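input_28.txt (compact mmCIF, C-alpha atoms and all ligand atoms)
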# COMPACT_ATOMS: atom_id res chain seq x y z
CA MET A 20 -15.39 -118.20 50.26
CA PRO A 21 -13.94 -117.99 46.73
CA TYR A 22 -17.09 -119.03 44.89
CA GLU A 23 -19.59 -117.13 47.05
CA ASN A 24 -21.04 -115.05 44.20
CA LYS A 25 -21.33 -118.09 41.94
CA LEU A 26 -23.94 -119.71 44.18
CA ILE A 27 -26.57 -118.38 41.82
CA CYS A 28 -29.58 -120.17 43.24
CA ASP A 29 -30.75 -120.51 46.83
CA ASN A 30 -30.58 -124.31 46.66
CA LEU A 31 -26.76 -124.12 46.39
CA SER A 32 -24.41 -123.86 49.38
CA VAL A 33 -20.99 -125.03 50.56
CA ASN A 34 -20.13 -127.11 53.65
CA ASP A 35 -17.07 -126.93 55.91
CA GLU A 36 -15.17 -129.42 53.78
CA GLY A 37 -15.53 -127.15 50.78
CA HIS A 38 -18.06 -129.42 49.11
CA LEU A 39 -20.90 -128.03 47.05
CA LEU A 40 -24.35 -128.81 48.47
CA PHE A 41 -27.40 -128.97 46.24
CA ALA A 42 -30.89 -129.06 47.74
CA GLY A 43 -29.16 -129.64 51.07
CA LEU A 44 -27.11 -132.68 49.98
CA ASP A 45 -23.38 -133.06 49.43
CA THR A 46 -22.89 -133.33 45.68
CA THR A 47 -19.66 -135.31 46.03
CA LEU A 48 -21.54 -138.02 47.94
CA LEU A 49 -24.33 -138.01 45.36
CA ALA A 50 -21.69 -138.42 42.64
CA LYS A 51 -20.30 -141.40 44.51
CA GLU A 52 -23.69 -142.97 45.07
CA TYR A 53 -25.17 -142.50 41.60
CA GLY A 54 -22.07 -142.20 39.44
CA THR A 55 -21.45 -139.46 36.91
CA PRO A 56 -22.66 -137.91 34.76
CA VAL A 57 -25.87 -137.48 36.68
CA TYR A 58 -28.69 -134.98 36.39
CA LEU A 59 -29.88 -133.87 39.82
CA MET A 60 -33.28 -132.26 40.19
CA ASP A 61 -34.66 -130.49 43.23
CA GLU A 62 -38.31 -131.51 43.49
CA ASP A 63 -39.05 -129.00 46.24
CA LYS A 64 -37.79 -126.20 43.99
CA ILE A 65 -39.95 -127.39 41.09
CA ARG A 66 -43.02 -127.40 43.34
CA GLU A 67 -42.12 -124.00 44.76
CA LYS A 68 -41.98 -122.55 41.23
CA CYS A 69 -45.32 -124.10 40.27
CA ARG A 70 -46.90 -122.52 43.34
CA ILE A 71 -45.42 -119.12 42.61
CA TYR A 72 -47.03 -119.19 39.16
CA LYS A 73 -50.31 -120.69 40.32
CA ASN A 74 -50.73 -118.29 43.24
CA ALA A 75 -49.80 -115.21 41.24
CA ILE A 76 -52.14 -116.18 38.43
CA SER A 77 -55.11 -116.99 40.63
CA LYS A 78 -54.56 -113.89 42.76
CA ASN A 79 -54.34 -111.50 39.81
CA LEU A 80 -56.34 -113.24 37.11
CA GLY A 81 -58.84 -115.32 39.04
CA SER A 82 -59.55 -119.01 38.99
CA GLU A 83 -59.93 -118.92 35.21
CA GLY A 84 -56.22 -118.15 34.76
CA ARG A 85 -53.96 -121.06 33.92
CA ALA A 86 -50.38 -122.01 34.68
CA ILE A 87 -49.32 -124.38 31.92
CA TYR A 88 -45.98 -126.17 32.26
CA ALA A 89 -44.22 -126.33 28.88
CA SER A 90 -43.13 -129.90 29.35
CA LYS A 91 -40.57 -129.92 26.54
CA ALA A 92 -38.23 -128.26 29.08
CA ALA A 93 -38.03 -131.54 31.02
CA SER A 94 -40.31 -134.38 30.07
CA PHE A 95 -40.46 -137.72 31.89
CA LYS A 96 -43.14 -139.44 33.91
CA ARG A 97 -42.23 -138.07 37.30
CA MET A 98 -42.47 -134.49 35.99
CA TYR A 99 -46.06 -135.04 34.86
CA THR A 100 -46.93 -136.57 38.23
CA ILE A 101 -45.57 -133.49 39.98
CA MET A 102 -47.52 -131.25 37.59
CA LYS A 103 -50.67 -133.21 38.24
CA GLU A 104 -50.21 -132.96 42.00
CA GLU A 105 -49.54 -129.23 41.74
CA GLY A 106 -52.68 -128.65 39.70
CA MET A 107 -50.77 -127.42 36.68
CA TYR A 108 -51.79 -127.70 33.05
CA CYS A 109 -49.18 -128.96 30.55
CA ASP A 110 -48.03 -128.16 27.04
CA VAL A 111 -47.19 -131.21 24.97
CA VAL A 112 -45.60 -131.18 21.53
CA SER A 113 -45.52 -134.78 20.33
CA CYS A 114 -47.13 -138.20 20.70
CA GLY A 115 -44.17 -139.07 22.91
CA GLU A 116 -44.95 -136.33 25.39
CA ILE A 117 -48.67 -137.13 25.27
CA TYR A 118 -47.94 -140.80 25.94
CA THR A 119 -45.54 -140.03 28.78
CA ALA A 120 -48.06 -137.69 30.41
CA HIS A 121 -50.80 -140.27 30.00
CA LYS A 122 -48.68 -143.05 31.51
CA ALA A 123 -47.96 -140.80 34.48
CA GLY A 124 -51.70 -140.36 35.01
CA PHE A 125 -51.71 -136.72 33.99
CA PRO A 126 -55.26 -135.68 33.00
CA LEU A 127 -54.93 -134.98 29.28
CA GLU A 128 -57.95 -132.70 29.23
CA LYS A 129 -55.51 -130.28 30.88
CA ALA A 130 -53.00 -130.62 28.03
CA PHE A 131 -52.36 -128.09 25.27
CA PHE A 132 -51.01 -129.64 22.08
CA HIS A 133 -48.38 -127.50 20.37
CA SER A 134 -46.06 -128.06 17.39
CA ASN A 135 -45.71 -126.40 14.03
CA ASN A 136 -46.04 -129.70 12.24
CA LYS A 137 -48.55 -132.06 13.76
CA THR A 138 -48.88 -134.98 11.39
CA ASP A 139 -52.23 -136.61 10.59
CA ASN A 140 -51.17 -139.40 12.92
CA ASP A 141 -50.32 -136.99 15.73
CA ILE A 142 -53.72 -135.37 15.32
CA LYS A 143 -55.60 -138.67 15.42
CA TYR A 144 -53.59 -139.88 18.38
CA ALA A 145 -54.15 -136.68 20.36
CA LEU A 146 -57.89 -136.81 19.64
CA ARG A 147 -58.05 -140.43 20.71
CA MET A 148 -56.17 -139.65 23.92
CA GLY A 149 -58.53 -136.77 24.74
CA VAL A 150 -56.05 -133.90 24.66
CA GLY A 151 -57.97 -130.85 25.86
CA TYR A 152 -56.74 -128.14 23.55
CA PHE A 153 -54.97 -127.95 20.22
CA VAL A 154 -52.91 -124.86 19.63
CA VAL A 155 -53.33 -124.73 15.88
CA ASP A 156 -50.24 -123.49 14.11
CA ASN A 157 -51.04 -123.61 10.40
CA LYS A 158 -53.79 -124.07 7.85
CA GLU A 159 -52.91 -127.66 6.97
CA GLU A 160 -53.34 -128.59 10.61
CA LEU A 161 -56.71 -126.88 10.88
CA LEU A 162 -58.02 -128.75 7.84
CA SER A 163 -56.69 -132.09 9.01
CA LEU A 164 -57.94 -131.58 12.56
CA ASN A 165 -61.38 -130.45 11.43
CA LYS A 166 -61.67 -133.57 9.30
CA ALA A 167 -60.41 -135.96 11.97
CA ALA A 168 -62.62 -134.44 14.68
CA GLY A 169 -65.60 -134.69 12.29
CA LYS A 170 -64.92 -138.38 11.79
CA LYS A 171 -64.94 -138.86 15.55
CA GLY A 172 -68.08 -136.77 15.86
CA ILE A 173 -66.53 -134.31 18.29
CA LYS A 174 -65.92 -130.60 18.41
CA GLN A 175 -62.29 -130.06 19.37
CA LYS A 176 -61.34 -126.99 21.39
CA ILE A 177 -58.60 -124.97 19.73
CA LEU A 178 -56.53 -121.86 20.10
CA LEU A 179 -54.83 -120.22 17.16
CA ARG A 180 -51.15 -119.48 17.48
CA LEU A 181 -50.48 -115.94 16.29
CA THR A 182 -47.21 -114.08 15.83
CA PRO A 183 -47.57 -110.52 17.00
CA GLY A 184 -44.44 -109.42 15.12
CA ILE A 185 -42.22 -108.69 18.10
CA ASP A 186 -38.48 -108.80 17.99
CA THR A 187 -37.11 -109.85 21.38
CA HIS A 188 -33.48 -109.57 22.21
CA THR A 189 -32.78 -113.17 23.12
CA PHE A 190 -30.99 -115.79 21.03
CA GLU A 191 -32.16 -116.10 17.45
CA ALA A 192 -33.06 -119.76 18.04
CA VAL A 193 -35.53 -119.03 20.83
CA ASP A 194 -36.98 -115.88 19.30
CA THR A 195 -40.32 -117.02 17.97
CA GLY A 196 -42.68 -114.07 17.77
CA LYS A 197 -41.44 -112.34 14.63
CA VAL A 198 -43.36 -112.07 11.38
CA ASP A 199 -40.92 -114.40 9.63
CA SER A 200 -41.05 -117.10 12.35
CA LYS A 201 -41.79 -120.68 11.35
CA PHE A 202 -44.46 -120.69 14.07
CA GLY A 203 -48.01 -119.48 13.80
CA PHE A 204 -49.93 -116.92 11.81
CA ALA A 205 -48.61 -113.39 11.45
CA ILE A 206 -51.08 -110.69 12.40
CA GLU A 207 -49.32 -108.11 10.26
CA THR A 208 -49.62 -110.00 6.98
CA GLY A 209 -53.32 -110.83 7.32
CA ALA A 210 -52.59 -114.55 7.76
CA ALA A 211 -54.05 -114.46 11.28
CA GLU A 212 -57.33 -112.97 10.12
CA LYS A 213 -57.68 -115.46 7.29
CA ILE A 214 -57.23 -118.43 9.58
CA THR A 215 -59.50 -116.96 12.25
CA GLU A 216 -62.23 -116.62 9.64
CA LYS A 217 -61.62 -120.20 8.55
CA ALA A 218 -61.63 -121.54 12.13
CA LEU A 219 -64.92 -119.80 12.84
CA VAL A 220 -66.64 -121.64 10.01
CA SER A 221 -64.97 -125.01 10.63
CA LYS A 222 -67.73 -127.17 12.06
CA ASN A 223 -65.69 -129.61 14.11
CA VAL A 224 -63.52 -127.20 16.02
CA GLU A 225 -64.43 -124.66 18.65
CA LEU A 226 -62.25 -121.58 18.65
CA ILE A 227 -61.57 -120.81 22.32
CA GLY A 228 -59.10 -118.00 21.79
CA PHE A 229 -55.62 -117.00 20.79
CA HIS A 230 -52.07 -117.89 21.70
CA CYS A 231 -48.70 -116.25 21.25
CA HIS A 232 -45.22 -117.09 22.49
CA VAL A 233 -42.62 -114.54 21.63
CA GLY A 234 -39.39 -115.39 23.34
CA SER A 235 -37.43 -117.06 26.05
CA GLN A 236 -35.02 -116.15 28.84
CA LEU A 237 -36.81 -112.81 29.34
CA PHE A 238 -35.98 -110.82 32.45
CA ASP A 239 -38.89 -108.41 32.48
CA SER A 240 -42.43 -108.21 31.19
CA ASP A 241 -41.84 -105.76 28.39
CA VAL A 242 -42.34 -108.42 25.72
CA TYR A 243 -45.54 -109.69 27.38
CA ILE A 244 -46.89 -106.16 27.63
CA ARG A 245 -46.15 -105.43 23.99
CA SER A 246 -47.63 -108.69 22.76
CA ALA A 247 -50.69 -108.32 25.02
CA LYS A 248 -51.35 -104.94 23.46
CA ILE A 249 -51.11 -106.31 19.93
CA MET A 250 -53.23 -109.35 20.78
CA PHE A 251 -55.93 -107.19 22.34
CA SER A 252 -56.05 -104.86 19.41
CA TYR A 253 -56.32 -107.89 17.12
CA MET A 254 -59.11 -109.38 19.24
CA THR A 255 -60.97 -106.09 19.22
CA TYR A 256 -60.68 -105.88 15.46
CA ILE A 257 -61.96 -109.47 15.08
CA ARG A 258 -64.89 -108.75 17.39
CA GLU A 259 -65.88 -105.75 15.32
CA LYS A 260 -65.59 -107.54 12.03
CA TYR A 261 -66.85 -111.03 12.91
CA GLY A 262 -68.63 -110.62 16.23
CA TYR A 263 -66.32 -113.21 17.79
CA ILE A 264 -65.15 -112.77 21.37
CA ALA A 265 -62.12 -114.77 22.54
CA ARG A 266 -62.54 -116.58 25.84
CA MET A 267 -58.88 -117.41 26.30
CA LEU A 268 -55.65 -115.53 25.79
CA ASP A 269 -52.47 -117.55 26.16
CA LEU A 270 -49.34 -115.44 26.41
CA GLY A 271 -46.80 -118.26 26.18
CA GLY A 272 -43.69 -118.83 28.25
CA GLY A 273 -40.38 -117.18 28.52
CA TYR A 274 -39.43 -115.79 31.92
CA GLY A 275 -35.70 -116.13 32.46
CA VAL A 276 -33.49 -117.82 35.01
CA ARG A 277 -30.00 -117.17 36.31
CA TYR A 278 -27.31 -118.98 34.40
CA LEU A 279 -24.59 -116.54 35.49
CA GLU A 280 -24.12 -114.40 38.56
CA ASN A 281 -24.79 -111.19 36.66
CA ASP A 282 -28.18 -112.42 35.46
CA PRO A 283 -30.87 -110.67 37.50
CA VAL A 284 -33.17 -112.45 39.91
CA ILE A 285 -36.66 -112.11 38.55
CA ASP A 286 -39.74 -111.84 40.74
CA ILE A 287 -42.29 -113.90 38.84
CA ALA A 288 -45.23 -112.93 41.06
CA GLU A 289 -44.53 -109.24 40.65
CA ASN A 290 -44.21 -109.59 36.89
CA ILE A 291 -47.44 -111.52 36.54
CA GLU A 292 -49.20 -108.91 38.61
CA ALA A 293 -47.92 -106.19 36.28
CA VAL A 294 -49.00 -108.07 33.17
CA ALA A 295 -52.39 -108.82 34.74
CA ASN A 296 -52.95 -105.17 35.60
CA TYR A 297 -52.10 -104.17 32.08
CA LEU A 298 -54.47 -106.79 30.65
CA LYS A 299 -57.28 -105.54 32.88
CA LYS A 300 -56.61 -102.03 31.65
CA LEU A 301 -56.73 -103.18 28.02
CA SER A 302 -59.93 -105.07 28.69
CA LYS A 303 -61.54 -101.97 30.16
CA GLU A 304 -60.26 -99.56 27.52
CA ASN A 305 -61.52 -101.78 24.72
CA ASN A 306 -64.67 -102.71 26.58
CA TYR A 307 -63.67 -106.32 25.89
CA PRO A 308 -64.67 -109.02 28.39
CA MET A 309 -61.57 -110.19 30.25
CA PRO A 310 -60.51 -113.53 28.72
CA SER A 311 -59.06 -116.30 30.87
CA VAL A 312 -55.32 -115.78 30.69
CA SER A 313 -52.65 -118.48 30.50
CA PHE A 314 -48.90 -118.49 30.94
CA GLU A 315 -46.73 -121.34 29.71
CA PRO A 316 -43.50 -121.38 31.70
CA GLY A 317 -40.98 -124.09 30.94
CA ARG A 318 -37.46 -122.98 31.77
CA SER A 319 -38.43 -120.92 34.81
CA ILE A 320 -40.16 -123.93 36.41
CA VAL A 321 -37.30 -126.41 36.11
CA ALA A 322 -33.99 -124.79 35.12
CA ASP A 323 -32.57 -123.90 38.50
CA ALA A 324 -34.08 -127.04 39.97
CA GLY A 325 -31.41 -128.87 37.99
CA LEU A 326 -27.67 -129.44 38.38
CA THR A 327 -25.41 -131.81 36.45
CA LEU A 328 -22.43 -133.57 38.02
CA TYR A 329 -19.44 -134.83 36.08
CA THR A 330 -16.07 -136.36 36.92
CA VAL A 331 -12.92 -134.73 35.59
CA GLY A 332 -10.80 -136.83 33.25
CA MET A 333 -7.91 -135.17 31.49
CA VAL A 334 -6.56 -131.74 32.35
CA LYS A 335 -4.53 -130.31 29.49
CA LYS A 336 -2.57 -127.10 29.92
CA ILE A 337 -1.24 -125.60 26.69
CA PRO A 338 1.06 -122.81 27.94
CA GLY A 339 0.24 -119.46 26.44
CA PHE A 340 -2.93 -120.80 24.86
CA ILE A 341 -5.61 -122.57 26.75
CA ASN A 342 -6.35 -124.98 29.57
CA TYR A 343 -8.76 -127.82 28.93
CA VAL A 344 -10.61 -129.64 31.65
CA SER A 345 -12.54 -132.55 30.24
CA VAL A 346 -15.50 -134.26 31.86
CA ASP A 347 -17.21 -137.61 31.41
CA GLY A 348 -20.27 -136.13 29.68
CA GLY A 349 -20.70 -133.27 27.24
CA MET A 350 -22.84 -132.34 24.28
CA ALA A 351 -24.75 -135.62 24.49
CA ASP A 352 -26.24 -134.60 27.86
CA ASN A 353 -25.98 -130.82 27.47
CA VAL A 354 -25.99 -129.58 23.89
CA ARG A 355 -26.81 -126.00 24.68
CA TYR A 356 -23.37 -124.42 24.44
CA ALA A 357 -22.62 -126.33 21.25
CA MET A 358 -25.98 -125.32 19.82
CA TYR A 359 -26.14 -121.63 20.68
CA GLU A 360 -23.33 -120.80 23.06
CA ALA A 361 -25.60 -120.86 26.07
CA PRO A 362 -23.83 -119.65 29.22
CA TYR A 363 -23.52 -121.79 32.35
CA THR A 364 -21.97 -121.47 35.77
CA VAL A 365 -19.49 -124.30 36.32
CA LEU A 366 -18.18 -125.13 39.80
CA PRO A 367 -15.45 -127.40 41.24
CA ALA A 368 -17.81 -129.33 43.51
CA ASN A 369 -15.13 -130.81 45.81
CA ARG A 370 -12.81 -127.77 45.81
CA MET A 371 -15.16 -124.94 46.61
CA ASN A 372 -12.74 -123.54 49.21
CA GLU A 373 -9.96 -123.10 46.66
CA ARG A 374 -9.45 -120.04 44.51
CA GLY A 375 -10.48 -120.23 40.87
CA ASP A 376 -7.09 -119.25 39.47
CA MET A 377 -7.02 -121.23 36.24
CA ARG A 378 -9.06 -120.07 33.27
CA SER A 379 -10.29 -123.24 31.62
CA THR A 380 -12.42 -124.49 28.81
CA VAL A 381 -14.57 -127.29 30.16
CA VAL A 382 -15.06 -129.80 27.37
CA GLY A 383 -16.99 -133.02 26.95
CA ARG A 384 -15.93 -136.44 25.78
CA CYS A 385 -17.52 -136.45 22.35
CA CYS A 386 -15.58 -136.55 19.09
CA GLU A 387 -16.29 -132.93 18.17
CA SER A 388 -14.13 -129.89 18.80
CA GLY A 389 -17.37 -128.05 19.41
CA ASP A 390 -18.22 -130.34 22.31
CA ILE A 391 -17.80 -127.60 24.88
CA ILE A 392 -19.73 -127.28 28.12
CA GLN A 393 -18.37 -123.81 28.79
CA PRO A 394 -15.26 -121.76 27.95
CA GLY A 395 -13.62 -119.27 30.29
CA VAL A 396 -14.39 -121.08 33.53
CA LEU A 397 -12.26 -120.17 36.55
CA LEU A 398 -11.25 -123.43 38.24
CA PRO A 399 -8.63 -124.14 40.93
CA SER A 400 -5.29 -124.92 39.28
CA GLY A 401 -5.00 -128.08 41.37
CA ILE A 402 -7.98 -129.62 39.63
CA LYS A 403 -7.28 -133.15 38.46
CA ARG A 404 -8.69 -136.45 37.32
CA GLY A 405 -11.35 -137.73 39.69
CA ASP A 406 -12.53 -134.29 40.85
CA ILE A 407 -16.21 -133.46 40.56
CA ILE A 408 -17.50 -130.67 38.34
CA ALA A 409 -20.99 -129.24 38.78
CA VAL A 410 -22.84 -127.37 36.07
CA CYS A 411 -25.67 -125.28 37.49
CA THR A 412 -29.13 -124.47 36.12
CA THR A 413 -29.34 -127.52 33.88
CA GLY A 414 -32.91 -128.52 34.71
CA ALA A 415 -34.37 -127.17 31.47
CA TYR A 416 -33.55 -128.31 27.93
CA ASN A 417 -30.72 -130.63 29.01
CA TYR A 418 -32.21 -134.03 29.72
CA SER A 419 -34.95 -133.30 27.18
CA MET A 420 -32.39 -132.56 24.46
CA ALA A 421 -30.02 -135.39 25.36
CA SER A 422 -28.82 -137.75 22.66
CA ASN A 423 -26.83 -140.95 22.34
CA TYR A 424 -24.16 -139.35 20.18
CA ASN A 425 -21.02 -141.50 20.26
CA ARG A 426 -23.26 -144.21 21.74
CA ILE A 427 -23.06 -142.63 25.14
CA PRO A 428 -25.86 -143.79 27.43
CA ARG A 429 -28.10 -141.04 28.77
CA PRO A 430 -27.42 -140.27 32.45
CA PRO A 431 -29.99 -140.92 35.17
CA VAL A 432 -32.18 -138.19 36.63
CA VAL A 433 -31.99 -138.20 40.41
CA MET A 434 -34.65 -136.17 42.17
CA ILE A 435 -34.23 -134.78 45.65
CA LYS A 436 -37.23 -134.23 47.89
CA ASP A 437 -36.91 -133.19 51.53
CA LYS A 438 -33.19 -133.96 51.30
CA LYS A 439 -33.90 -137.52 50.18
CA PRO A 440 -32.63 -138.53 46.75
CA TYR A 441 -34.46 -141.02 44.52
CA VAL A 442 -34.08 -142.11 40.92
CA ALA A 443 -36.73 -140.51 38.69
CA VAL A 444 -35.24 -141.76 35.42
CA LYS A 445 -32.75 -144.62 35.33
CA GLY A 446 -29.49 -144.18 33.51
CA GLU A 447 -29.31 -146.04 30.23
CA THR A 448 -27.25 -149.21 30.11
CA LEU A 449 -25.13 -150.45 27.24
CA ASP A 450 -27.87 -152.95 26.50
CA ASP A 451 -30.41 -150.12 26.29
CA LEU A 452 -28.24 -148.66 23.56
CA ILE A 453 -28.62 -151.71 21.35
CA ALA A 454 -32.16 -152.64 22.45
CA LEU A 455 -33.68 -151.56 19.13
CA ASP A 456 -30.86 -152.67 16.86
CA GLU A 457 -31.90 -155.63 14.66
C1 LIG A 501 -40.84 -123.42 24.56
C2 LIG A 501 -42.19 -122.88 24.74
C3 LIG A 501 -42.61 -122.43 25.98
C4 LIG A 501 -41.70 -122.39 27.19
O1 LIG A 501 -40.73 -121.42 27.06
P1 LIG A 501 -39.71 -121.16 28.27
O2 LIG A 501 -38.80 -120.13 27.74
O3 LIG A 501 -39.03 -122.44 28.55
O4 LIG A 501 -40.52 -120.68 29.42
C5 LIG A 501 -43.91 -122.01 26.12
N1 LIG A 501 -44.77 -122.02 25.06
C6 LIG A 501 -44.38 -122.45 23.84
C7 LIG A 501 -45.36 -122.45 22.75
C8 LIG A 501 -43.10 -122.88 23.64
O5 LIG A 501 -42.73 -123.29 22.42

Please express what this file holds, its structure, as structure tokens.
Amino acid sequence: MPYENKLICDNLSVNDEGHLLFAGLDTTLLAKEYGTPVYLMDEDKIREKCRIYKNAISKNLGSEGRAIYASKAASFKRMYTIMKEEGMYCDVVSCGEIYTAHKAGFPLEKAFFHSNNKTDNDIKYALRMGVGYFVVDNKEELLSLNKAAGKKGIKQKILLRLTPGIDTHTFEAVDTGKVDSKFGFAIETGAAEKITEKALVSKNVELIGFHCHVGSQLFDSDVYIRSAKIMFSYMTYIREKYGYIARMLDLGGGYGVRYLENDPVIDIAENIEAVANYLKKLSKENNYPMPSVSFEPGRSIVADAGLTLYTVGMVKKIPGFINYVSVDGGMADNVRYAMYEAPYTVLPANRMNERGDMRSTVVGRCCESGDIIQPGVLLPSGIKRGDIIAVCTTGAYNYSMASNYNRIPRPPVVMIKDKKPYVAVKGETLDDLIALDE
């Protein structure tokens, strides 16, 4: 089978007709039923990933350990319902995410509120909604939160977001743990200590512990190990100087997924066990009581639970130069190649038995030369208008980053559970596009 090695996730297969199956269903039939573009999401896969995290964390870090879904990866009501049912915590980063979670019945005391610029309104709203934890990112936020919590007569639980000064080797845009990051307080510069001191004397907040998030699309635990070491040495220093002992250590998200066949398969459970063992060692060496440890996976929960289907429009062959295959979506539903040249595996969903003998640039329909889904894709040379193209691993940061550029309605999200598809988010209509226009 020509595309054998491109079936990068175990929810992909091919039937006798040469059609791509996703979560056990024929993608060409799904394209017919729901139209294209369409985001497909494999609910069973999402739940499987949640359980891998939850089980590994409780096994290695006890019942105090937390698996927190970073909901910015894919945020809509159904996702929060699944997270609630799976016993996950959630990261939220805006009033919009808080509201969506709330409307889905997600218990907000299990929410962690992130963002490097929470406005006074965001802070008031989150307090009113009973968000469990604020991950405080800067001094302005601490002052505003302390004041707002005081007015409400409550003591808000907080973590402080620290930057341990680690350079990861992922994309610049998702590399967040360096000293010069826009996020958090650098340990190296003394900013972290200053804010810790301030938090400890702020009457209306309760400092629960510390947070760091240093990168994304990581294929081993090296970054976690290095940041854990720095965080522990910081915590030990703070204990000596201020007598404060952190009860929670949140190590952020970041484990990677397979976008291409040469990306490794990562064993999350094994990695968490290794990080947990290292944390226990640090705790012992420093004679520091083991804090409750949290992980905040986003991408690795939802990415390979997602697949986008498109229909081919024009096929343009410029001899000696390039072949374009254009699809009926593009940067409006998947901005990640345009934004930072993110790689994707692209498959000819109804021609999986044919050889990929035509190197093509798969482009979208937007009025931008940079509207590229993926260059260098090997597609069958017979590909033509009406064929179905599948882009794999689109469950994270696709729907959540979608826009209406060129007034293109956002596609629906169709979930698949036990081989039964259902609409989790309706596709926008033309009337939805003008609904707010005066
Ligand atoms: C984005 C983000 C995550 C999730 O990162 P992934 O790479 O998607 O796992 C976790 N924590 C914070 C603070 C984030 O900003």

>> If we count all atoms listed in the file and set the cut-off at 6 Å, which residues sit around stretch 29-37 of chain A, ignoring sequence neighbours fewer than 3 positions away in its own chain? Please answer as an MDAnalysis selection string.
In response: chainID A and resid 26 40:42 370:372

>> What does the structure give for the distance between atom CA of A:Tyr329 and atom P1 of ligand LIG 501 (chain A), in Å to one decimal?
In response: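 These two atoms are separated by 25.7 Å.
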
> If you count only C-alpha atoms and all ligand atoms, which residues end up within 8 Å of ligand LIG 501 (chain A), as a PyMOL selection string?
Replying inline: chain A and resi 88-92+110+133-134+193+231-232+234-237+271-275+314-320+415

> For A:Gly43, which residue among A:Ile185, A:Ile453, A:Asp63, A:Val57 is the nearest when counting all atoms listed in the file?
Replying inline: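 Checking each candidate against A:Gly43, we get A:Asp63 as the closest.
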
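Between atom CA of A:Glu216 and atom CA of A:Met254 there is a distance of 12.4 Å.
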
Skipping near chain neighbours, those fewer than 6 positions away, what residues fall within 12 Å of stretch 199-214 of chain A using all atoms listed in the file, listed as a tab-separated table (two decimals) with C-alpha atoms, keeping the file's coordinate frame?
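Just written: selection-v3.tsv:
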chain	number	residue	atom	x	y	z
A	133	HIS	CA	-48.38	-127.50	20.37
A	134	SER	CA	-46.06	-128.06	17.39
A	135	ASN	CA	-45.71	-126.40	14.03
A	136	ASN	CA	-46.04	-129.70	12.24
A	154	VAL	CA	-52.91	-124.86	19.63
A	155	VAL	CA	-53.33	-124.73	15.88
A	156	ASP	CA	-50.24	-123.49	14.11
A	157	ASN	CA	-51.04	-123.61	10.40
A	158	LYS	CA	-53.79	-124.07	7.85
A	159	GLU	CA	-52.91	-127.66	6.97
A	160	GLU	CA	-53.34	-128.59	10.61
A	161	LEU	CA	-56.71	-126.88	10.88
A	162	LEU	CA	-58.02	-128.75	7.84
A	178	LEU	CA	-56.53	-121.86	20.10
A	179	LEU	CA	-54.83	-120.22	17.16
A	180	ARG	CA	-51.15	-119.48	17.48
A	181	LEU	CA	-50.48	-115.94	16.29
A	182	THR	CA	-47.21	-114.08	15.83
A	183	PRO	CA	-47.57	-110.52	17.00
A	184	GLY	CA	-44.44	-109.42	15.12
A	185	ILE	CA	-42.22	-108.69	18.10
A	186	ASP	CA	-38.48	-108.80	17.99
A	191	GLU	CA	-32.16	-116.10	17.45
A	192	ALA	CA	-33.06	-119.76	18.04
A	193	VAL	CA	-35.53	-119.03	20.83
A	220	VAL	CA	-66.64	-121.64	10.01
A	221	SER	CA	-64.97	-125.01	10.63
A	226	LEU	CA	-62.25	-121.58	18.65
A	229	PHE	CA	-55.62	-117.00	20.79
A	230	HIS	CA	-52.07	-117.89	21.70
A	231	CYS	CA	-48.70	-116.25	21.25
A	232	HIS	CA	-45.22	-117.09	22.49
A	233	VAL	CA	-42.62	-114.54	21.63
A	234	GLY	CA	-39.39	-115.39	23.34
A	246	SER	CA	-47.63	-108.69	22.76
A	249	ILE	CA	-51.11	-106.31	19.93
A	250	MET	CA	-53.23	-109.35	20.78
A	251	PHE	CA	-55.93	-107.19	22.34
A	252	SER	CA	-56.05	-104.86	19.41
A	253	TYR	CA	-56.32	-107.89	17.12
A	254	MET	CA	-59.11	-109.38	19.24
A	255	THR	CA	-60.97	-106.09	19.22
A	256	TYR	CA	-60.68	-105.88	15.46
A	257	ILE	CA	-61.96	-109.47	15.08
A	258	ARG	CA	-64.89	-108.75	17.39
A	260	LYS	CA	-65.59	-107.54	12.03
A	261	TYR	CA	-66.85	-111.03	12.91
A	263	TYR	CA	-66.32	-113.21	17.79

>> Taking (-18.6, -128.6, 20.3) in the coordinates of the supplied file, I want to know which residues reach to within 9 Å of it, counting only C-alpha atoms; could you give the answer as a list in words?
In response: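 Protein and nucleic acid residues near the point are Gly349, Met350, Val354, Tyr356, Ala357, Met358, Val382, Gly383, Cys385, Cys386, Glu387, Ser388, Gly389, Asp390, Ile391 and Ile392 of chain A.
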
> So which one's closest to A:Met267, A:Glu373, A:Asp139, A:Glu225, A:Glu23? Using only C-alpha atoms, please.
Replying inline: A:Glu225

>> Just the number, please: distance in Å from atom CA of A:Val294 to atom CA of A:Ala247, one decimal.
In response: 8.3 Å

> Skipping near chain neighbours, those fewer than 6 positions away, what residues fall within 12 Å of A:Lys51 using all atoms listed in the file, listed as a list in words?
Replying inline: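 Counting all atoms listed in the file, the residues come to Asp45, Val57, Leu328, Tyr329, Thr330, Asn369, Gly405, Asp406 and Ile407 of chain A.
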
> Which residue out of A:Leu366, A:Ala265, A:Leu452, A:Ala130 has the minimum interatomic distance to A:Tyr118 when only C-alpha atoms are used?
Replying inline: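 Counting only C-alpha atoms, the residue closest to A:Tyr118 is A:Ala130.
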
> With only C-alpha atoms as the basis for distance, which of A:Pro126, A:Gly228, A:Gly81, A:Gly446 is at the shortest distance from A:Gly106?
Replying inline: A:Pro126
